[in-house]
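Colleague: Quick one: the structure is below, and I'll ask about it shortly.
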Amino acid sequence: METIRTFIAIDLSEEVKKDIEDLVEEVKKEFNDCVKMKWVEKKNYHITLKFLGSILKSDVKNVIEKMNICLCDEKRFLNHFNSLGKFPKNGEYVKVIFMKIEKDEKIKEIHDRLEAHLNELGFGKERFYVPHLTLARVKYVTNKKEFMKKVHEIFERYHDINIKFEVEKVTLYESKLKRNGPEYIKLHEIQFE
């Protein structure tokens with residue numbers, strides 16, 4: 001039986017993606033040879049609501065049905081990215097650099113609703129969900145002390161970002177992993193009112 005790798009996400013407009021890309025270009029210049037990172041491409045910017053992982057292709061219709069049920073009356077709303085963050089949050093090691101969302105309660109509410117409906121199909125619940133937009137994943141660090149110093153400096157400098165975005169649709173994607181980065185294929189989209 002054929003499986004596909006899938007996730008559900010909030011899409012962003014091209015204008016917002018361009019604003020994020022401009023910020024990323026500034027941030028990239030701040031890092032030097034102390035680290036090797038894989039930066040997310042502009043076309044792939046999104047806010048993950050639920051990573052489903054590998055699912056049977058035949059189960060896609062059930063996921064779509066659950067999405068339609070729990071998101072059919074959703075209204076558009078505004079939000080904004082306000083600063084940079086990292087995973088893990090504490091400690092001496094950084095795996096991911098991301099953009100934080102100012103007021104994430106509504107996004108968490110949508111996530112919780114999706115989780116409850118998808119749980120009925122056997123998808124497990126996440127223990128810890130933080131709405132965010134991934135900017136880069138750390139591949140390896142050549143100078144840990146210098147890298148952590150840079151992270152601290154950069155986070156201080158970009159502690160007051162204000163990139164506004166509208167949450168107007170949620171999309172189910174297939175993610176095909178390729179050598180030069182993932183390719184996302186839209187399987188279903190729900191437009192908010």
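Letters A, B, ... mark the chains of the structure tokens in the order given; residue numbers begin at 1 per chain; ligand numbers begin at 1, in order shown.
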Need to verify the contact set: Glu115 in chain A, 8 Å, only C-alpha atoms, exclusion of same-chain residues closer than 6 positions in sequence. Can you return it as a list in words?
Modeller: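 What passes the distance filter is Lys50, Phe123, Gly124 and Lys125 of chain A.
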Colleague: Contacts of range 139-148 of chain A at 7 Å or less, counting only C-alpha atoms, minus same-chain residues fewer than 4 places along, as a ChimeraX atom specification?
Modeller: /A:34-38,152
Colleague: With only C-alpha atoms as the basis for distance, which of A:Glu189, A:Glu2, A:Glu153, A:Asp160 is at the shortest distance from Tyr173 in chain A?
Modeller: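 Using only C-alpha atoms, Tyr173 in chain A sits closest to A:Glu189.
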Colleague: Go through A:Ala9, A:Ile163, A:Leu135, A:Val27 one by one, measure the shortest atom-to-atom distance of each to Ile47 in chain A using only C-alpha atoms, and give the residue with the smallest value.
Modeller: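 For Ile47 in chain A, the nearest of the given residues is A:Ala9.
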Colleague: Residues near range 93-109 of chain A, anyone? I mean within 6 Å using only C-alpha atoms, not counting same-chain ones fewer than 2 positions away, as a list in words.
Modeller: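 Skipping anything fewer than 2 positions along the chain leaves His80, Phe81, Asn82, Ser83, Leu84, Gly85, Lys86, Phe87, Gly91, His111, Asp112, His132, Leu133, Thr134, Leu135, Ala136, Arg137 and Val138 of chain A.
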Colleague: So how many Å separate CA of Asn162 in chain A and CA of Val130 in chain A, to one decimal?
Modeller: 18.6 Å
